[in-house]
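Listing of my_file-v7.csv; format and content: CSV, C-alpha atoms and all ligand atoms.
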chain,number,residue,atom,x,y,z
Q,1,MET,CA,12.6,-29.6,143.0
Q,2,THR,CA,10.6,-30.5,146.1
Q,3,VAL,CA,6.9,-31.4,146.0
Q,4,LEU,CA,6.2,-28.1,148.0
Q,5,ASP,CA,8.0,-26.0,145.3
Q,6,THR,CA,6.1,-27.8,142.6
Q,7,ARG,CA,2.8,-27.1,144.4
Q,8,THR,CA,3.6,-23.4,144.9
Q,9,GLU,CA,4.6,-23.1,141.3
Q,10,VAL,CA,1.4,-24.7,139.9
Q,11,LEU,CA,-1.0,-23.1,142.5
Q,12,SER,CA,-0.1,-19.4,142.3
Q,13,THR,CA,-2.8,-18.1,144.6
Q,14,ARG,CA,-4.5,-19.0,147.9
Q,15,TYR,CA,-7.7,-19.4,146.0
Q,16,GLN,CA,-6.2,-22.0,143.7
Q,17,GLN,CA,-4.8,-23.8,146.7
Q,18,ALA,CA,-8.3,-23.9,148.2
Q,19,VAL,CA,-9.8,-25.2,145.0
Q,20,ALA,CA,-7.1,-27.9,144.8
Q,21,ASP,CA,-7.8,-28.8,148.4
Q,22,TYR,CA,-11.5,-29.3,147.6
Q,23,TRP,CA,-10.8,-31.7,144.8
Q,24,ASN,CA,-8.0,-33.5,146.7
Q,25,LYS,CA,-10.6,-34.3,149.4
Q,26,GLU,CA,-13.6,-35.0,147.2
Q,27,LYS,CA,-14.8,-38.6,147.1
Q,28,ASP,CA,-18.5,-38.2,146.7
Q,29,PRO,CA,-20.5,-41.3,145.8
Q,30,VAL,CA,-22.2,-39.2,143.1
Q,31,ASN,CA,-18.9,-39.4,141.2
Q,32,LEU,CA,-17.3,-42.6,142.4
Q,33,ARG,CA,-20.4,-44.9,142.3
Q,34,LEU,CA,-21.4,-43.6,138.9
Q,35,GLY,CA,-17.8,-44.1,137.6
Q,36,GLU,CA,-17.8,-47.7,138.8
Q,37,VAL,CA,-20.7,-48.5,136.4
Q,38,THR,CA,-18.3,-48.6,133.4
Q,39,GLY,CA,-14.9,-47.7,134.9
Q,40,THR,CA,-15.0,-44.2,133.3
Q,41,PHE,CA,-15.1,-41.5,136.0
Q,42,HIS,CA,-16.8,-38.2,135.0
Q,43,HIS,CA,-16.8,-34.8,136.6
Q,44,HIS,CA,-19.7,-33.2,134.8
Q,45,TYR,CA,-23.5,-33.4,134.6
Q,46,GLY,CA,-25.7,-35.3,132.2
Q,47,ILE,CA,-27.9,-34.5,129.2
Q,48,GLY,CA,-30.8,-36.2,127.5
Q,49,ASP,CA,-34.1,-37.8,128.5
Q,50,VAL,CA,-34.3,-40.2,131.3
Q,51,ASP,CA,-35.4,-43.7,130.2
Q,52,PRO,CA,-38.7,-44.2,132.2
Q,53,SER,CA,-38.0,-48.0,132.6
Q,54,VAL,CA,-35.6,-47.2,135.4
Q,55,PHE,CA,-38.7,-46.6,137.6
Q,56,GLU,CA,-40.0,-50.0,136.8
Q,57,GLY,CA,-38.8,-53.3,138.2
Q,58,PRO,CA,-37.8,-54.6,141.6
Q,59,GLU,CA,-37.5,-52.0,144.4
Q,60,ASP,CA,-34.3,-53.4,145.8
Q,61,THR,CA,-32.4,-52.6,142.5
Q,62,ARG,CA,-34.1,-49.3,141.8
Q,63,ASP,CA,-31.2,-47.2,143.2
Q,64,GLU,CA,-28.7,-49.2,141.1
Q,65,ARG,CA,-30.8,-48.5,137.9
Q,66,ILE,CA,-30.9,-44.8,138.7
Q,67,ILE,CA,-27.1,-44.7,139.2
Q,68,ARG,CA,-26.6,-46.4,135.9
Q,69,GLU,CA,-29.0,-44.0,134.1
Q,70,MET,CA,-27.2,-41.0,135.6
Q,71,HIS,CA,-23.9,-42.4,134.4
Q,72,ARG,CA,-25.4,-42.9,130.9
Q,73,LEU,CA,-26.5,-39.3,130.7
Q,74,GLU,CA,-23.1,-38.0,131.8
Q,75,THR,CA,-21.5,-40.2,129.2
Q,76,ALA,CA,-23.9,-38.7,126.6
Q,77,GLN,CA,-22.7,-35.2,127.7
Q,78,ALA,CA,-19.1,-36.1,127.1
Q,79,ASP,CA,-20.0,-37.7,123.7
Q,80,PHE,CA,-21.8,-34.5,122.7
Q,81,LEU,CA,-18.7,-32.5,123.6
Q,82,LEU,CA,-16.4,-34.8,121.5
Q,83,ASP,CA,-18.9,-34.4,118.6
Q,84,GLN,CA,-17.9,-30.7,118.4
Q,85,LEU,CA,-14.1,-31.2,118.2
Q,86,GLY,CA,-14.1,-31.6,114.4
Q,87,ASP,CA,-11.8,-33.9,112.4
Q,88,ILE,CA,-9.2,-35.3,114.8
Q,89,GLY,CA,-6.7,-37.8,113.4
Q,90,PRO,CA,-4.5,-40.4,115.3
Q,91,GLU,CA,-1.5,-38.1,114.9
Q,92,ASP,CA,-3.1,-35.1,116.6
Q,93,ARG,CA,-2.6,-34.0,120.2
Q,94,ILE,CA,-5.6,-32.7,122.1
Q,95,LEU,CA,-5.9,-31.0,125.5
Q,96,ASP,CA,-8.4,-31.6,128.3
Q,97,ALA,CA,-8.2,-28.5,130.7
Q,98,GLY,CA,-9.5,-29.5,134.1
Q,99,SER,CA,-9.5,-33.2,133.4
Q,100,GLY,CA,-10.7,-34.5,136.8
Q,101,ARG,CA,-10.6,-38.3,137.1
Q,102,GLY,CA,-10.0,-38.5,133.3
Q,103,GLY,CA,-13.5,-39.5,131.9
Q,104,THR,CA,-13.7,-37.2,128.9
Q,105,SER,CA,-10.0,-37.7,128.0
Q,106,PHE,CA,-10.4,-41.5,127.9
Q,107,LEU,CA,-13.5,-41.3,125.7
Q,108,ALA,CA,-11.6,-38.9,123.4
Q,109,ASN,CA,-8.7,-41.4,123.0
Q,110,LEU,CA,-11.2,-44.2,122.4
Q,111,ARG,CA,-12.9,-42.2,119.7
Q,112,PHE,CA,-9.9,-40.6,117.9
Q,113,GLY,CA,-7.0,-42.8,118.9
Q,114,CYS,CA,-4.9,-39.7,119.3
Q,115,HIS,CA,-2.7,-38.4,122.1
Q,116,VAL,CA,-4.6,-36.7,124.9
Q,117,ASP,CA,-3.1,-34.6,127.6
Q,118,GLY,CA,-5.2,-33.8,130.7
Q,119,ILE,CA,-4.3,-31.2,133.3
Q,120,SER,CA,-5.6,-30.7,136.8
Q,121,ILE,CA,-4.6,-28.7,139.8
Q,122,SER,CA,-5.6,-31.6,142.0
Q,123,GLU,CA,-2.6,-33.9,142.5
Q,124,LYS,CA,-5.0,-36.6,143.7
Q,125,GLN,CA,-7.1,-36.5,140.5
Q,126,VAL,CA,-3.9,-36.6,138.4
Q,127,ARG,CA,-2.7,-39.7,140.2
Q,128,PHE,CA,-6.1,-41.4,140.0
Q,129,ALA,CA,-6.4,-40.6,136.2
Q,130,ASN,CA,-2.8,-41.8,135.5
Q,131,ASP,CA,-3.6,-45.1,137.4
Q,132,GLN,CA,-6.6,-45.4,135.2
Q,133,ALA,CA,-4.5,-44.9,132.1
Q,134,ARG,CA,-2.2,-47.7,133.1
Q,135,GLN,CA,-5.1,-50.0,134.0
Q,136,ARG,CA,-6.7,-49.3,130.6
Q,137,GLY,CA,-3.4,-49.9,128.8
Q,138,VAL,CA,-3.3,-46.4,127.2
Q,139,ALA,CA,-0.7,-44.7,129.4
Q,140,ASP,CA,1.4,-44.1,126.2
Q,141,LYS,CA,-1.5,-42.1,124.7
Q,142,VAL,CA,-3.4,-40.5,127.6
Q,143,ASP,CA,-1.3,-38.6,130.0
Q,144,PHE,CA,-2.4,-36.5,133.0
Q,145,HIS,CA,-0.3,-33.6,134.4
Q,146,PHE,CA,-0.4,-31.6,137.6
Q,147,ARG,CA,-0.5,-28.2,135.9
Q,148,ASN,CA,-2.5,-25.0,135.9
Q,149,MET,CA,-4.8,-24.3,132.9
Q,150,LEU,CA,-3.7,-20.7,132.9
Q,151,ASP,CA,-0.1,-21.7,132.4
Q,152,ASN,CA,-0.3,-25.2,130.9
Q,153,GLY,CA,3.4,-25.6,129.8
Q,154,PHE,CA,2.7,-27.0,126.4
Q,155,PRO,CA,4.6,-25.5,123.3
Q,156,ALA,CA,2.8,-22.9,121.2
Q,157,ALA,CA,0.6,-24.0,118.2
Q,158,THR,CA,0.9,-27.8,118.9
Q,159,VAL,CA,-2.7,-28.7,119.9
Q,160,ARG,CA,-5.4,-29.6,117.4
Q,161,ALA,CA,-8.3,-29.2,119.9
Q,162,ALA,CA,-8.7,-28.2,123.5
Q,163,TRP,CA,-11.7,-28.2,125.8
Q,164,ASN,CA,-13.0,-27.4,129.3
Q,165,ASN,CA,-15.7,-29.7,130.4
Q,166,GLU,CA,-17.3,-27.7,133.3
Q,167,SER,CA,-14.0,-26.2,134.6
Q,168,THR,CA,-14.0,-22.6,133.3
Q,169,MET,CA,-15.8,-21.3,136.4
Q,170,TYR,CA,-12.6,-21.5,138.4
Q,171,VAL,CA,-10.5,-19.1,136.3
Q,172,ASP,CA,-10.5,-15.7,134.6
Q,173,LEU,CA,-11.7,-16.4,131.1
Q,174,PHE,CA,-9.5,-13.8,129.4
Q,175,LYS,CA,-6.4,-15.4,130.8
Q,176,LEU,CA,-7.7,-18.9,130.1
Q,177,PHE,CA,-8.5,-18.2,126.4
Q,178,GLU,CA,-5.2,-16.4,125.9
Q,179,GLU,CA,-3.5,-19.6,127.1
Q,180,HIS,CA,-5.7,-21.9,124.9
Q,181,ALA,CA,-5.1,-19.6,121.9
Q,182,ARG,CA,-1.3,-19.9,122.5
Q,183,VAL,CA,-1.2,-23.7,122.3
Q,184,LEU,CA,-3.9,-24.2,119.6
Q,185,LYS,CA,-2.8,-24.6,116.0
Q,186,PRO,CA,-4.3,-22.2,113.5
Q,187,GLY,CA,-7.7,-23.6,112.7
Q,188,GLY,CA,-7.7,-25.6,115.9
Q,189,ARG,CA,-10.9,-26.1,117.7
Q,190,TYR,CA,-11.8,-25.0,121.3
Q,191,VAL,CA,-15.0,-26.4,123.0
Q,192,THR,CA,-16.5,-25.7,126.4
Q,193,ILE,CA,-19.6,-27.0,128.1
Q,194,THR,CA,-20.3,-24.7,131.0
Q,195,GLY,CA,-22.9,-23.3,133.4
Q,196,CYS,CA,-23.1,-19.6,133.0
Q,197,TYR,CA,-25.4,-16.9,134.3
Q,198,ASN,CA,-27.9,-15.1,132.1
Q,199,ASP,CA,-27.0,-11.5,131.4
Q,200,VAL,CA,-30.6,-10.9,130.7
Q,201,HIS,CA,-31.5,-11.8,134.2
Q,202,GLY,CA,-29.3,-9.0,135.6
Q,203,ARG,CA,-25.7,-7.9,136.1
Q,204,GLN,CA,-25.2,-10.1,139.2
Q,205,PRO,CA,-25.7,-13.8,139.7
Q,206,SER,CA,-29.1,-14.9,141.2
Q,207,ARG,CA,-29.4,-16.3,144.7
Q,208,ALA,CA,-29.5,-19.9,143.2
Q,209,VAL,CA,-26.4,-19.3,141.2
Q,210,SER,CA,-24.6,-17.8,144.2
Q,211,GLN,CA,-25.5,-21.0,146.1
Q,212,ILE,CA,-23.8,-23.1,143.4
Q,213,ASP,CA,-20.7,-20.8,143.6
Q,214,ALA,CA,-20.6,-21.3,147.4
Q,215,HIS,CA,-21.0,-25.1,147.0
Q,216,TYR,CA,-18.1,-25.6,144.7
Q,217,ILE,CA,-16.1,-22.4,145.7
Q,218,CYS,CA,-16.3,-21.3,142.1
Q,219,ASP,CA,-17.2,-18.0,140.3
Q,220,ILE,CA,-19.7,-18.7,137.6
Q,221,HIS,CA,-19.3,-16.2,134.7
Q,222,PRO,CA,-22.0,-14.3,132.8
Q,223,ARG,CA,-22.7,-15.7,129.3
Q,224,SER,CA,-21.3,-12.5,127.7
Q,225,ASP,CA,-17.9,-13.0,129.3
Q,226,TYR,CA,-17.3,-16.1,127.2
Q,227,PHE,CA,-17.8,-14.3,123.9
Q,228,ALA,CA,-15.9,-11.2,125.0
Q,229,ALA,CA,-12.9,-13.3,126.1
Q,230,MET,CA,-13.0,-15.4,122.9
Q,231,SER,CA,-13.2,-12.4,120.7
Q,232,ALA,CA,-10.2,-10.9,122.6
Q,233,ASN,CA,-8.1,-14.0,121.9
Q,234,ASN,CA,-8.7,-14.9,118.3
Q,235,LEU,CA,-11.3,-17.6,119.1
Q,236,VAL,CA,-14.2,-17.3,116.7
Q,237,PRO,CA,-17.4,-19.1,117.8
Q,238,ILE,CA,-18.8,-21.5,115.2
Q,239,SER,CA,-21.5,-23.2,117.3
Q,240,VAL,CA,-23.5,-22.4,120.4
Q,241,VAL,CA,-26.0,-24.8,121.9
Q,242,ASP,CA,-28.2,-24.1,124.9
Q,243,LEU,CA,-28.3,-27.4,126.7
Q,244,THR,CA,-30.4,-26.2,129.6
Q,245,ALA,CA,-33.6,-28.1,128.7
Q,246,ALA,CA,-31.5,-31.2,128.0
Q,247,THR,CA,-29.9,-31.2,131.5
Q,248,ILE,CA,-33.0,-30.7,133.6
Q,249,PRO,CA,-34.1,-34.4,133.5
Q,250,TYR,CA,-30.6,-35.4,134.8
Q,251,TRP,CA,-31.0,-33.0,137.8
Q,252,GLU,CA,-34.5,-34.2,138.5
Q,253,LEU,CA,-33.3,-37.8,138.6
Q,254,ARG,CA,-30.2,-36.9,140.7
Q,255,ALA,CA,-32.5,-35.0,143.2
Q,256,GLU,CA,-34.3,-38.2,144.0
Q,257,SER,CA,-31.3,-40.5,143.9
Q,258,SER,CA,-29.4,-41.9,146.9
Q,259,VAL,CA,-26.3,-39.9,145.8
Q,260,ALA,CA,-27.8,-36.4,145.8
Q,261,THR,CA,-25.3,-33.9,147.4
Q,262,GLY,CA,-27.7,-31.2,148.4
Q,263,ILE,CA,-27.0,-28.8,145.5
Q,264,GLU,CA,-29.7,-30.2,143.2
Q,265,GLN,CA,-32.5,-27.8,144.1
Q,266,ALA,CA,-30.2,-24.8,143.4
Q,267,PHE,CA,-29.5,-26.1,139.9
Q,268,LEU,CA,-33.2,-26.8,139.2
Q,269,THR,CA,-34.3,-23.4,140.5
Q,270,ALA,CA,-31.6,-21.5,138.5
Q,271,TYR,CA,-32.3,-23.3,135.3
Q,272,LYS,CA,-36.1,-23.1,135.6
Q,273,GLU,CA,-36.2,-19.4,136.6
Q,274,GLY,CA,-33.9,-18.6,133.6
Q,275,SER,CA,-31.0,-17.1,135.6
Q,276,PHE,CA,-28.6,-19.7,134.5
Q,277,HIS,CA,-27.9,-21.7,131.4
Q,278,TYR,CA,-26.0,-24.9,130.5
Q,279,LEU,CA,-24.2,-24.0,127.3
Q,280,MET,CA,-21.9,-25.6,124.7
Q,281,ILE,CA,-19.7,-23.1,122.8
Q,282,ALA,CA,-17.3,-24.2,120.1
Q,283,ALA,CA,-14.8,-21.8,118.5
Q,284,ASP,CA,-12.0,-21.9,116.0
Q,285,LYS,CA,-8.6,-20.4,116.6
Q,286,VAL,CA,-7.7,-18.0,113.8
O,301,LIG,C1,-17.8,-30.8,138.4
O,301,LIG,O1,-18.7,-31.9,138.4
O,301,LIG,C2,-18.6,-29.6,138.8
O,301,LIG,C3,-18.1,-28.4,138.8
O,301,LIG,C4,-16.7,-28.1,138.4
O,301,LIG,C5,-18.8,-27.3,139.4
O,301,LIG,C6,-19.3,-26.2,138.6
O,301,LIG,C7,-20.1,-26.6,137.3
O,301,LIG,C8,-21.1,-25.8,136.9
O,301,LIG,C9,-21.7,-26.1,135.6
O,301,LIG,C10,-21.5,-24.6,137.6
O,301,LIG,P1,-18.7,-33.0,139.5
O,301,LIG,O2,-19.2,-34.2,138.8
O,301,LIG,O3,-17.4,-33.1,140.2
O,301,LIG,O4,-19.7,-32.4,140.6
O,301,LIG,P2,-20.6,-33.2,141.6
O,301,LIG,O5,-19.7,-33.8,142.6
O,301,LIG,O6,-21.6,-32.3,142.1
O,301,LIG,O7,-21.3,-34.3,140.8
O,302,MG,MG,-20.6,-35.5,139.4
Is it possible to express this structure as structure tokens?
Amino acid sequence: MTVLDTRTEVLSTRYQQAVADYWNKEKDPVNLRLGEVTGTFHHHYGIGDVDPSVFEGPEDTRDERIIREMHRLETAQADFLLDQLGDIGPEDRILDAGSGRGGTSFLANLRFGCHVDGISISEKQVRFANDQARQRGVADKVDFHFRNMLDNGFPAATVRAAWNNESTMYVDLFKLFEEHARVLKPGGRYVTITGCYNDVHGRQPSRAVSQIDAHYICDIHPRSDYFAAMSANNLVPISVVDLTAATIPYWELRAESSVATGIEQAFLTAYKEGSFHYLMIAADKV
């Protein structure tokens, strides 16, 4: 099969190709410089309070301290997601849908010692993450694939836990949860951390949420869609945590950092006006 055939097979619409192009080109310091702090590259935001000592000390290393702190808060977010996965043993297989440069997958393998499969529609991210797996000496346990999360190719009922760490806003949730429900074992756990818009604010996204959509070419879902799509696919929520207040300090720090990308004020406006939440939802497959 040629590379072109593979690409057409994985990316079934022009929209998906455009999203893949975005992530194939992306090399923002906000992701690469933070990743270089510990060698674990994240594609999600942070949670928790900012340590005020980053604002003290010599001026010439202030930026470096802020970068380290942002990375610490992003790692705390991934740790919080992994806390929700339940009992995972070394023999289990778990699935990272929308795995980016691999950060959450590597932390999962470190914590549980189990096999982790990551999938991404960006060939470049898959290559980067597989290079990382080799450098870390875990290529036999952590494996990244150029695949579509709506058609992930794994056998039915083989996965103990699956998650989306800020990647559900690119896909139809009903199709996504149907595919997760197919591969999860009975009693398996699904977890997402996501930005979703507040149904109480109105039936359409706010201006600030629309700006976030335009920035990442994504389509942020209303909160209600998550529960409707889970319910339609035998995924029963067990825990919901509103992380909005916990992520605001990260965005305030990011807004004044040297690696701000220009989307910071839209996130701060959306969170503070209540049109948008940062939510963790965990569900069991029944
Ligand atoms: C990935 O993080 C971000 C997204 C997939 C965008 C949508 C997320 C929402 C919660 C709405 P990233 O670390 O690649 O983004 P950035 O480059 O801005 O840090
Ligand atoms: Mg980032």
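The closest residue to ligand MG 302 (chain O), picked from Q:Ala133, Q:Val240, Q:Cys114, Q:Ala260 and counting all atoms listed in the file, is Q:Ala260.
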Between chain Q and ligand MG 302 (chain O), at 7 Å or less, what are the per-residue closest atom pairs and their distances in Å? Count only C-alpha atoms and all ligand atoms, order by chain and rising residue number, and return it as a tab-separated table.
residue	atom	partner	partner_atom	distance
Q:Val30	CA	O:MG302	MG	5.5
Q:Asn31	CA	O:MG302	MG	4.6
Q:His42	CA	O:MG302	MG	6.4
Q:His43	CA	O:MG302	MG	4.8
Q:His44	CA	O:MG302	MG	5.2
Q:Tyr45	CA	O:MG302	MG	6.0
Enter the distance from atom C6 of ligand LIG 301 (chain O) to atom CA of Tyr197 of chain Q, in Å, rounded to one decimal.
11.9 Å
Could you list, as a PDB file with C-alpha atoms, in the coordinates of the input, all protein and nucleic acid residues with an atom at most 8 Å from ligand LIG 301 (chain O), counting only C-alpha atoms and all ligand atoms?
ATOM      1  CA  GLU Q  26     -13.600 -35.000 147.200  1.00  0.00           C
ATOM      2  CA  ASP Q  28     -18.500 -38.200 146.700  1.00  0.00           C
ATOM      3  CA  VAL Q  30     -22.200 -39.200 143.100  1.00  0.00           C
ATOM      4  CA  ASN Q  31     -18.900 -39.400 141.200  1.00  0.00           C
ATOM      5  CA  HIS Q  42     -16.800 -38.200 135.000  1.00  0.00           C
ATOM      6  CA  HIS Q  43     -16.800 -34.800 136.600  1.00  0.00           C
ATOM      7  CA  HIS Q  44     -19.700 -33.200 134.800  1.00  0.00           C
ATOM      8  CA  TYR Q  45     -23.500 -33.400 134.600  1.00  0.00           C
ATOM      9  CA  GLY Q 100     -10.700 -34.500 136.800  1.00  0.00           C
ATOM     10  CA  GLU Q 166     -17.300 -27.700 133.300  1.00  0.00           C
ATOM     11  CA  SER Q 167     -14.000 -26.200 134.600  1.00  0.00           C
ATOM     12  CA  THR Q 168     -14.000 -22.600 133.300  1.00  0.00           C
ATOM     13  CA  MET Q 169     -15.800 -21.300 136.400  1.00  0.00           C
ATOM     14  CA  TYR Q 170     -12.600 -21.500 138.400  1.00  0.00           C
ATOM     15  CA  ILE Q 193     -19.600 -27.000 128.100  1.00  0.00           C
ATOM     16  CA  THR Q 194     -20.300 -24.700 131.000  1.00  0.00           C
ATOM     17  CA  GLY Q 195     -22.900 -23.300 133.400  1.00  0.00           C
ATOM     18  CA  CYS Q 196     -23.100 -19.600 133.000  1.00  0.00           C
ATOM     19  CA  ILE Q 212     -23.800 -23.100 143.400  1.00  0.00           C
ATOM     20  CA  ASP Q 213     -20.700 -20.800 143.600  1.00  0.00           C
ATOM     21  CA  TYR Q 216     -18.100 -25.600 144.700  1.00  0.00           C
ATOM     22  CA  CYS Q 218     -16.300 -21.300 142.100  1.00  0.00           C
ATOM     23  CA  ILE Q 220     -19.700 -18.700 137.600  1.00  0.00           C
ATOM     24  CA  THR Q 261     -25.300 -33.900 147.400  1.00  0.00           C
ATOM     25  CA  ILE Q 263     -27.000 -28.800 145.500  1.00  0.00           C
ATOM     26  CA  TYR Q 278     -26.000 -24.900 130.500  1.00  0.00           C
TER      27      TYR Q 278
END
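Between atom CA of Leu82 of chain Q and atom CA of Gly103 of chain Q lies a distance of 11.8 Å.
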Write out as a PDB file with C-alpha atoms, in the coordinates of the input which residues come within 10 Å of Ile88 of chain Q when counting all atoms listed in the file, dropping same-chain ones fewer than 6 positions away.
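Below is the file out.pdb, written as the result:
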ATOM      1  CA  LEU Q  82     -16.400 -34.800 121.500  1.00  0.00           C
ATOM      2  CA  ILE Q  94      -5.600 -32.700 122.100  1.00  0.00           C
ATOM      3  CA  ALA Q 108     -11.600 -38.900 123.400  1.00  0.00           C
ATOM      4  CA  ARG Q 111     -12.900 -42.200 119.700  1.00  0.00           C
ATOM      5  CA  PHE Q 112      -9.900 -40.600 117.900  1.00  0.00           C
ATOM      6  CA  GLY Q 113      -7.000 -42.800 118.900  1.00  0.00           C
ATOM      7  CA  CYS Q 114      -4.900 -39.700 119.300  1.00  0.00           C
ATOM      8  CA  ARG Q 160      -5.400 -29.600 117.400  1.00  0.00           C
ATOM      9  CA  ALA Q 161      -8.300 -29.200 119.900  1.00  0.00           C
ATOM     10  CA  GLY Q 188      -7.700 -25.600 115.900  1.00  0.00           C
ATOM     11  CA  ARG Q 189     -10.900 -26.100 117.700  1.00  0.00           C
TER      12      ARG Q 189
END
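Residue nearest Lys175 of chain Q within the list Q:Leu95, Q:Ala214, Q:Ile119, Q:Ala229: Q:Ala229 [criterion: smallest interatomic distance, only C-alpha atoms].
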Go ahead and compute the interatomic distance for atom CA of Asp219 of chain Q and atom CA of Thr269 of chain Q, in Å to one decimal.
17.9 Å
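The nearest approach to Asn148 of chain Q among the residues Q:Ser239, Q:Thr192, Q:Gln17, Q:Ser258, with only C-alpha atoms taken into account, belongs to Q:Gln17.
Distance cut-off 7 Å, centre (-12.9, -42.1, 134.6), atoms counted only C-alpha atoms; the residues meeting this are Gly35, Gly39, Thr40, Phe41, His42, Arg101, Gly102, Gly103 and Ala129 of chain Q.
Shortest atom-to-atom contact with Asn233 of chain Q among Q:Phe177, Q:Ala245, Q:Ser275, Q:Ala283: Q:Phe177, counting only C-alpha atoms.
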Using all atoms listed in the file, which residue out of Q:Asp131, Q:Asp225, Q:Asp140, Q:Asp242 lies closest to Phe174 of chain Q?
Q:Asp225
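Closest to Tyr250 of chain Q among Q:Ala18, Q:Gly48, Q:Arg65, Q:Trp23 is Q:Gly48, based on all atoms listed in the file.
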Contacts of Arg147 of chain Q at 10 Å (only C-alpha atoms; same-chain gap of 3+ positions) as a ChimeraX atom specification:
/Q:6-7,9-11,97-98,118-123,126,144,150-153
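Omitting Thr38 of chain Q and its sequence neighbours fewer than 5 positions away, and counting all atoms listed in the file, the residues within 10 Å are Q:Arg33, Q:Arg68, Q:His71, Q:Arg72, Q:Thr75.
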